[in-house]
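Reproduced below: run13.tsv, with TSV, C-alpha atoms.
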chain	number	residue	atom	x	y	z
A	20	MET	CA	-15.42	22.87	-6.35
A	21	THR	CA	-17.36	26.09	-5.87
A	22	GLN	CA	-19.91	27.17	-3.34
A	23	SER	CA	-22.11	30.13	-4.00
A	24	MET	CA	-24.09	31.44	-1.11
A	25	GLU	CA	-25.69	34.80	-1.01
A	26	ASN	CA	-23.00	37.45	-0.64
A	27	GLU	CA	-20.09	35.00	-0.74
A	28	LEU	CA	-18.27	32.89	-3.30
A	29	THR	CA	-15.82	30.16	-2.38
A	30	VAL	CA	-13.66	28.14	-4.73
A	31	ARG	CA	-11.55	25.26	-3.43
A	32	ILE	CA	-8.89	23.52	-5.45
A	33	GLU	CA	-6.47	20.75	-4.54
A	34	ALA	CA	-3.33	20.58	-6.62
A	35	PRO	CA	0.24	19.36	-6.61
A	36	ALA	CA	2.53	22.01	-5.16
A	37	GLU	CA	4.68	21.96	-8.26
A	38	THR	CA	5.99	24.54	-10.69
A	39	ILE	CA	3.81	23.25	-13.48
A	40	MET	CA	0.71	24.37	-11.55
A	41	VAL	CA	1.83	27.93	-10.87
A	42	THR	CA	0.89	29.59	-14.13
A	43	PRO	CA	-2.47	27.85	-14.62
A	44	LEU	CA	-3.52	28.69	-11.08
A	45	ASP	CA	-2.27	32.26	-11.35
A	46	LEU	CA	-4.33	32.77	-14.49
A	47	PHE	CA	-7.39	31.12	-12.96
A	48	VAL	CA	-7.19	33.38	-9.92
A	49	ARG	CA	-6.67	36.42	-12.11
A	50	ASP	CA	-9.64	35.59	-14.34
A	51	LEU	CA	-11.82	34.91	-11.31
A	52	ILE	CA	-10.97	38.15	-9.54
A	53	GLN	CA	-11.33	40.24	-12.68
A	54	GLN	CA	-15.01	39.38	-12.86
A	55	PHE	CA	-15.69	41.44	-9.76
A	56	PRO	CA	-15.84	45.21	-10.38
A	57	ALA	CA	-14.71	45.86	-6.82
A	58	PHE	CA	-11.28	44.58	-7.91
A	59	SER	CA	-11.14	45.26	-11.62
A	60	LYS	CA	-12.02	48.93	-11.26
A	61	SER	CA	-8.99	49.56	-9.04
A	62	GLU	CA	-6.07	50.00	-11.42
A	63	GLY	CA	-3.33	47.50	-10.79
A	64	LEU	CA	-5.13	45.70	-7.95
A	65	VAL	CA	-5.80	42.51	-9.89
A	66	ASP	CA	-2.13	42.41	-10.93
A	67	MET	CA	-0.98	42.76	-7.35
A	68	LEU	CA	-3.40	40.15	-6.04
A	69	GLU	CA	-2.23	37.71	-8.71
A	70	LEU	CA	1.35	38.38	-7.62
A	71	ALA	CA	0.53	37.77	-3.95
A	72	PHE	CA	-1.13	34.48	-4.81
A	73	HIS	CA	1.79	33.48	-7.02
A	74	GLU	CA	4.40	34.23	-4.36
A	75	ALA	CA	2.52	32.26	-1.70
A	76	PHE	CA	1.94	29.21	-3.89
A	77	THR	CA	5.54	29.25	-5.13
A	78	ASN	CA	6.85	29.41	-1.56
A	79	ILE	CA	4.90	26.31	-0.61
A	80	GLY	CA	6.36	24.37	-3.52
A	81	ASN	CA	9.90	25.59	-2.91
A	82	HIS	CA	10.06	25.56	0.87
A	83	ALA	CA	7.29	23.53	2.48
A	84	TYR	CA	8.03	20.71	0.11
A	85	ARG	CA	11.70	20.47	-0.79
A	86	SER	CA	12.59	19.71	-4.36
A	87	GLU	CA	12.94	16.00	-3.72
A	88	LEU	CA	9.51	15.67	-2.19
A	89	LYS	CA	6.14	15.80	-3.86
A	90	GLY	CA	3.35	17.45	-1.95
A	91	ARG	CA	-0.14	18.77	-2.41
A	92	VAL	CA	-1.70	22.04	-1.49
A	93	THR	CA	-5.34	22.96	-1.03
A	94	VAL	CA	-6.11	26.45	-2.22
A	95	GLN	CA	-9.29	28.22	-1.26
A	96	ILE	CA	-10.34	31.56	-2.73
A	97	ARG	CA	-13.16	33.25	-0.87
A	98	VAL	CA	-14.78	36.48	-1.98
A	99	SER	CA	-17.32	38.18	0.23
A	100	LEU	CA	-18.77	41.68	0.36
A	101	GLN	CA	-15.96	42.81	2.60
A	102	GLN	CA	-12.95	40.67	1.77
A	103	LEU	CA	-10.94	38.52	-0.57
A	104	GLU	CA	-9.13	35.65	1.09
A	105	PHE	CA	-6.56	33.24	-0.28
A	106	ARG	CA	-6.17	30.24	1.98
A	107	PHE	CA	-3.43	27.67	1.46
A	108	GLU	CA	-3.19	24.37	3.32
A	109	ASP	CA	-0.18	22.09	3.01
A	110	ASN	CA	1.35	19.18	4.86
A	111	GLY	CA	4.95	20.14	4.32
A	112	GLU	CA	7.52	21.67	6.61
A	113	SER	CA	6.26	24.49	8.75
A	114	PHE	CA	8.14	27.72	9.35
A	115	ASP	CA	7.95	30.88	11.40
A	116	PRO	CA	7.22	33.83	9.12
A	117	GLU	CA	8.25	36.23	11.89
A	118	LYS	CA	11.80	34.89	11.56
A	119	VAL	CA	12.03	35.66	7.86
A	120	PRO	CA	14.40	38.62	7.59
A	121	THR	CA	13.06	41.89	6.29
A	122	PRO	CA	14.81	42.84	3.05
A	123	ASN	CA	17.62	45.31	3.39
A	124	PHE	CA	16.80	48.15	1.05
A	125	GLU	CA	20.08	49.95	1.38
A	126	GLY	CA	20.56	48.51	-2.06
A	127	PRO	CA	18.20	46.63	-4.38
A	128	CYS	CA	17.52	43.05	-3.26
A	129	GLU	CA	18.15	39.97	-5.33
A	130	GLU	CA	16.46	37.53	-2.98
A	131	GLY	CA	14.04	37.22	-0.12
A	132	LEU	CA	11.33	39.54	-1.36
A	133	GLY	CA	8.48	37.04	-1.63
A	134	ILE	CA	6.90	37.27	1.82
A	135	TRP	CA	7.69	40.96	2.07
A	136	LEU	CA	5.86	41.61	-1.21
A	137	ILE	CA	2.86	39.61	-0.02
A	138	ARG	CA	2.71	41.71	3.14
A	139	GLN	CA	2.86	44.92	1.10
A	140	ILE	CA	-0.04	43.80	-1.07
A	141	MET	CA	-2.37	42.05	1.36
A	142	ASP	CA	-3.91	43.53	4.48
A	143	LYS	CA	-3.34	40.42	6.59
A	144	TYR	CA	-0.81	37.60	6.50
A	145	LEU	CA	-1.91	34.87	8.91
A	146	TYR	CA	0.05	31.63	9.26
A	147	HIS	CA	-0.29	28.78	11.69
A	148	SER	CA	0.73	25.17	11.87
A	149	GLU	CA	-1.52	22.51	13.41
A	150	ASN	CA	0.42	19.84	15.27
A	151	GLY	CA	3.37	20.40	12.93
A	152	SER	CA	1.63	18.52	10.15
A	153	LYS	CA	-0.89	20.90	8.61
A	154	ASN	CA	0.14	24.40	7.71
A	155	VAL	CA	-2.43	27.08	6.98
A	156	LEU	CA	-1.66	30.39	5.36
A	157	ARG	CA	-4.41	32.99	5.00
A	158	LEU	CA	-3.92	36.13	2.95
A	159	ILE	CA	-6.68	38.68	3.33
A	160	LYS	CA	-7.43	41.79	1.35
A	161	ASP	CA	-10.20	44.15	2.38
A	162	ILE	CA	-12.30	45.08	-0.58
A	163	PRO	CA	-12.16	48.71	-1.67
A	164	GLY	CA	-15.75	49.96	-1.75
A	165	SER	CA	-18.64	47.51	-1.72
A	166	ILE	CA	-19.87	44.74	-3.97
A	167	PRO	CA	-23.34	45.33	-5.43
A	168	ASP	CA	-26.05	42.87	-4.33
A	169	GLY	CA	-26.56	40.00	-6.72
A	170	ILE	CA	-23.04	39.87	-8.13
A	171	LEU	CA	-22.07	37.02	-5.82
A	172	SER	CA	-25.37	35.16	-5.92
A	173	ARG	CA	-25.11	33.95	-9.49
A	174	ASP	CA	-25.04	30.24	-10.19
A	175	HIS	CA	-21.41	29.23	-10.63
A	176	GLY	CA	-21.95	25.71	-11.84
A	177	THR	CA	-20.87	22.35	-10.53
A	178	LYS	CA	-19.90	22.02	-6.89
B	13	MET	CA	12.73	35.88	-24.93
B	14	GLU	CA	14.05	37.57	-28.03
B	15	ILE	CA	17.56	38.95	-28.38
B	16	LEU	CA	18.48	41.62	-30.90
B	17	LYS	CA	21.49	43.79	-31.52
B	18	ARG	CA	20.86	47.46	-32.19
B	19	ASN	CA	24.26	48.90	-33.13
B	20	ASP	CA	26.35	48.15	-30.04
B	21	VAL	CA	23.39	47.66	-27.71
B	22	THR	CA	21.88	44.28	-26.90
B	23	VAL	CA	18.10	44.38	-26.55
B	24	ILE	CA	16.43	41.47	-24.78
B	25	THR	CA	12.65	41.44	-25.15
B	26	MET	CA	10.99	39.43	-22.41
B	27	ASP	CA	7.80	37.47	-22.88
B	28	ASP	CA	4.39	37.93	-21.26
B	29	ARG	CA	5.32	36.08	-18.07
B	30	PHE	CA	8.66	36.67	-16.44
B	31	ASP	CA	8.97	34.34	-13.49
B	32	ASP	CA	11.31	31.84	-11.87
B	33	ALA	CA	12.40	29.68	-14.82
B	34	VAL	CA	12.81	32.63	-17.17
B	35	ALA	CA	14.60	34.58	-14.45
B	36	ARG	CA	17.27	31.93	-14.08
B	37	THR	CA	17.82	31.85	-17.82
B	38	LEU	CA	18.17	35.62	-18.08
B	39	LYS	CA	20.48	35.84	-15.11
B	40	GLY	CA	22.82	33.15	-16.46
B	41	MET	CA	22.81	34.59	-19.95
B	42	VAL	CA	23.60	38.14	-18.87
B	43	GLN	CA	26.32	36.92	-16.54
B	44	ASN	CA	27.98	35.00	-19.38
B	45	MET	CA	27.70	37.92	-21.78
B	46	SER	CA	29.07	40.47	-19.33
B	47	GLU	CA	32.01	38.23	-18.35
B	48	GLN	CA	33.09	38.08	-21.97
B	49	THR	CA	32.85	41.76	-22.79
B	50	THR	CA	31.57	45.11	-21.60
B	51	ILE	CA	27.96	45.26	-22.68
B	52	LYS	CA	25.22	47.81	-23.14
B	53	LEU	CA	21.94	46.11	-22.40
B	54	VAL	CA	18.27	47.04	-22.66
B	55	ILE	CA	15.70	44.77	-21.07
B	56	ASP	CA	12.50	45.35	-23.01
B	57	LEU	CA	9.42	44.69	-20.89
B	58	SER	CA	6.85	46.05	-23.32
B	59	LYS	CA	5.35	42.59	-23.79
B	60	THR	CA	5.57	41.61	-20.12
B	61	ASN	CA	2.49	41.59	-17.96
B	62	PHE	CA	3.71	39.55	-15.02
B	63	ILE	CA	6.91	39.71	-13.00
B	64	ASP	CA	7.49	37.91	-9.72
B	65	SER	CA	10.08	38.40	-6.99
B	66	THR	CA	12.59	36.04	-8.62
B	67	ALA	CA	12.35	37.97	-11.87
B	68	ASN	CA	12.86	41.23	-10.01
B	69	GLY	CA	15.90	39.63	-8.39
B	70	ALA	CA	17.20	38.53	-11.80
B	71	LEU	CA	16.98	42.11	-13.03
B	72	VAL	CA	18.99	43.27	-10.03
B	73	SER	CA	21.54	40.50	-10.52
B	74	SER	CA	21.84	41.25	-14.23
B	75	TRP	CA	22.36	44.94	-13.54
B	76	ARG	CA	25.12	44.10	-11.06
B	77	SER	CA	26.83	41.72	-13.53
B	78	VAL	CA	26.80	44.34	-16.25
B	79	LYS	CA	27.99	47.18	-14.02
B	80	LYS	CA	30.75	45.02	-12.55
B	81	ASN	CA	32.26	44.78	-16.00
B	82	ASN	CA	31.89	48.48	-16.76
B	83	GLY	CA	28.76	48.10	-18.84
B	84	ASP	CA	25.27	49.47	-18.34
B	85	MET	CA	21.75	48.10	-18.29
B	86	LYS	CA	18.45	49.90	-18.74
B	87	ILE	CA	14.82	48.84	-18.66
B	88	ALA	CA	12.32	49.82	-21.33
B	89	GLY	CA	8.57	49.71	-21.76
B	90	PRO	CA	7.22	48.54	-18.40
B	91	SER	CA	3.49	48.84	-17.79
B	92	SER	CA	2.20	51.07	-15.03
B	93	HIS	CA	1.77	47.99	-12.84
B	94	LEU	CA	5.41	46.98	-13.35
B	95	LYS	CA	6.55	50.54	-12.67
B	96	SER	CA	4.66	50.36	-9.38
B	97	LEU	CA	6.34	47.06	-8.59
B	98	PHE	CA	9.78	48.50	-9.34
B	99	ARG	CA	9.08	51.45	-7.04
B	100	LEU	CA	8.04	49.01	-4.33
B	101	THR	CA	11.21	46.93	-4.70
B	102	ARG	CA	13.41	50.01	-5.18
B	103	LEU	CA	14.70	48.69	-8.51
B	104	ASN	CA	13.95	52.10	-9.99
B	105	THR	CA	16.55	53.65	-7.69
B	106	VAL	CA	19.42	51.92	-9.48
B	107	VAL	CA	18.25	51.01	-12.97
B	108	GLU	CA	17.12	53.67	-15.41
B	109	ILE	CA	13.65	53.00	-16.75
B	110	PHE	CA	12.41	54.32	-20.07
B	111	ASP	CA	9.00	54.33	-21.69
B	112	ASP	CA	10.22	52.47	-24.76
B	113	VAL	CA	13.25	50.84	-26.35
B	114	GLU	CA	14.00	53.81	-28.59
B	115	ALA	CA	14.28	56.14	-25.61
B	116	ALA	CA	16.54	53.66	-23.84
B	117	LEU	CA	18.75	53.30	-26.91
B	118	LYS	CA	18.97	57.04	-27.29
B	119	SER	CA	20.15	57.38	-23.72
B	120	PHE	CA	23.22	55.30	-24.53
B	121	SER	CA	24.15	57.83	-27.20
B	122	ASN	CA	23.78	60.85	-24.91

Could you render the structure as structure tokens?
Amino acid sequence: MTQSMENELTVRIEAPAETIMVTPLDLFVRDLIQQFPAFSKSEGLVDMLELAFHEAFTNIGNHAYRSELKGRVTVQIRVSLQQLEFRFEDNGESFDPEKVPTPNFEGPCEEGLGIWLIRQIMDKYLYHSENGSKNVLRLIKDIPGSIPDGILSRDHGTK
Amino acid sequence: MEILKRNDVTVITMDDRFDDAVARTLKGMVQNMSEQTTIKLVIDLSKTNFIDSTANGALVSSWRSVKKNNGDMKIAGPSSHLKSLFRLTRLNTVVEIFDDVEAALKSFSN
């Protein structure tokens, strides 16, 4: 489902939080973001944003929903003149991101880099859990430069 | 992934996407190889456009497996984006990175 209002584009997708969805969603996000010059003109930015999305979605599948459970996640991608936001909603186990250890870079790390990488790429990492049953993760990236008028007001098809 | 032998060096060319499932395969394969013999290994990333944190971890793990058995592992052909990622994760501080496979192979001879 997409919503296109002047100066803002929102895409909302509900999907199983399973490995099989990771690559298709990664590629969709990548293709979507690449259409906006504000992102595509910054070398490597689209790659990094795809990685941040990938890490967040993968974490939900691996941790919020353990391997024996099946769960769903609602992903919302919002692009405005000032920001790109990835928003993930799940009904799995909640966690405290502040308690995730920072990687120890005395040597190269084999594990535990996912959240750290997301924080390096995105400008904001905002997580909260509502009543222990609905978890919301918002990843926000401020847009370098500005988006020209009209780019976001095109018709994007079926809602 | 594609595995080739160039003289006494094993070259593993990774595919376009190098993520969790592929990472586990690589890690297990390199561990098995390095337990059997001392190996010289080049991981060719010239066809790879996407690497996630588990893949980065698999590269670290593979390097450790190889070094533990007196071998060596190098990386060849990463894009500028992957080079940036390796700087971010500090992988470049332990694994030598070359622009292409030929340069990596040559370094084993030097």

What is the atom CA of B:Thr22 to atom CA of B:Thr60 distance in Å? 17.9 Å

Have a look at atom CA of A:Asp142 and atom CA of A:Leu64 and let me know their distance in Å, one decimal.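 Separation of atom CA of A:Asp142 and atom CA of A:Leu64: 12.7 Å.
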
Counting all atoms listed in the file, find the residues whose atoms lie at most 9 Å from (11.2, 49.7, -22.7) (file coordinates) and write them out as a PDB file with C-alpha atoms, keeping the file's coordinate frame.
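Here's the written file point_19.pdb:
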ATOM      1  CA  THR B  25      12.650  41.440 -25.150  1.00  0.00           C
ATOM      2  CA  VAL B  54      18.270  47.040 -22.660  1.00  0.00           C
ATOM      3  CA  ILE B  55      15.700  44.770 -21.070  1.00  0.00           C
ATOM      4  CA  ASP B  56      12.500  45.350 -23.010  1.00  0.00           C
ATOM      5  CA  LEU B  57       9.420  44.690 -20.890  1.00  0.00           C
ATOM      6  CA  SER B  58       6.850  46.050 -23.320  1.00  0.00           C
ATOM      7  CA  LYS B  86      18.450  49.900 -18.740  1.00  0.00           C
ATOM      8  CA  ILE B  87      14.820  48.840 -18.660  1.00  0.00           C
ATOM      9  CA  ALA B  88      12.320  49.820 -21.330  1.00  0.00           C
ATOM     10  CA  GLY B  89       8.570  49.710 -21.760  1.00  0.00           C
ATOM     11  CA  PRO B  90       7.220  48.540 -18.400  1.00  0.00           C
ATOM     12  CA  ILE B 109      13.650  53.000 -16.750  1.00  0.00           C
ATOM     13  CA  PHE B 110      12.410  54.320 -20.070  1.00  0.00           C
ATOM     14  CA  ASP B 111       9.000  54.330 -21.690  1.00  0.00           C
ATOM     15  CA  ASP B 112      10.220  52.470 -24.760  1.00  0.00           C
ATOM     16  CA  VAL B 113      13.250  50.840 -26.350  1.00  0.00           C
ATOM     17  CA  GLU B 114      14.000  53.810 -28.590  1.00  0.00           C
ATOM     18  CA  ALA B 115      14.280  56.140 -25.610  1.00  0.00           C
ATOM     19  CA  ALA B 116      16.540  53.660 -23.840  1.00  0.00           C
TER      20      ALA B 116
END

Pull out every residue of chain A sitting within 7 Å of chain B, counting only C-alpha atoms, and send them as a PyMOL selection string. chain A and resi 63+70+127-130+132-133

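The two atoms in question, atom CA of B:Arg18 and atom CA of B:Glu108, are spaced 18.3 Å apart.
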
Residues at most 9 Å from A:Asp161, counting all atoms listed in the file, excluding those fewer than 6 positions away in the same chain, as a list in words? Gln101, Gln102, Leu103, Glu104, Met141, Asp142 and Lys143 of chain A

Would you kindly identify which residues have an atom no farther than 12 Å from (3.4, 38.2, 7.3), using only C-alpha atoms and the file's own coordinates, and write them out as number ranges by chain? A: 71, 75, 114-121, 132-147, 156-159

Pick from A:Ala36, A:Leu100, A:Leu46, A:Ile52 nearest to A:Arg85, counting all atoms listed in the file: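 Ranking A:Ala36, A:Leu100, A:Leu46, A:Ile52 by distance to A:Arg85, first place goes to A:Ala36.
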
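Comparing the minimum interatomic distances between B:Asn19 and each of B:Lys52, B:Trp75, B:Met45, B:Ser119, counting all atoms listed in the file, we find that B:Lys52 sits nearest.
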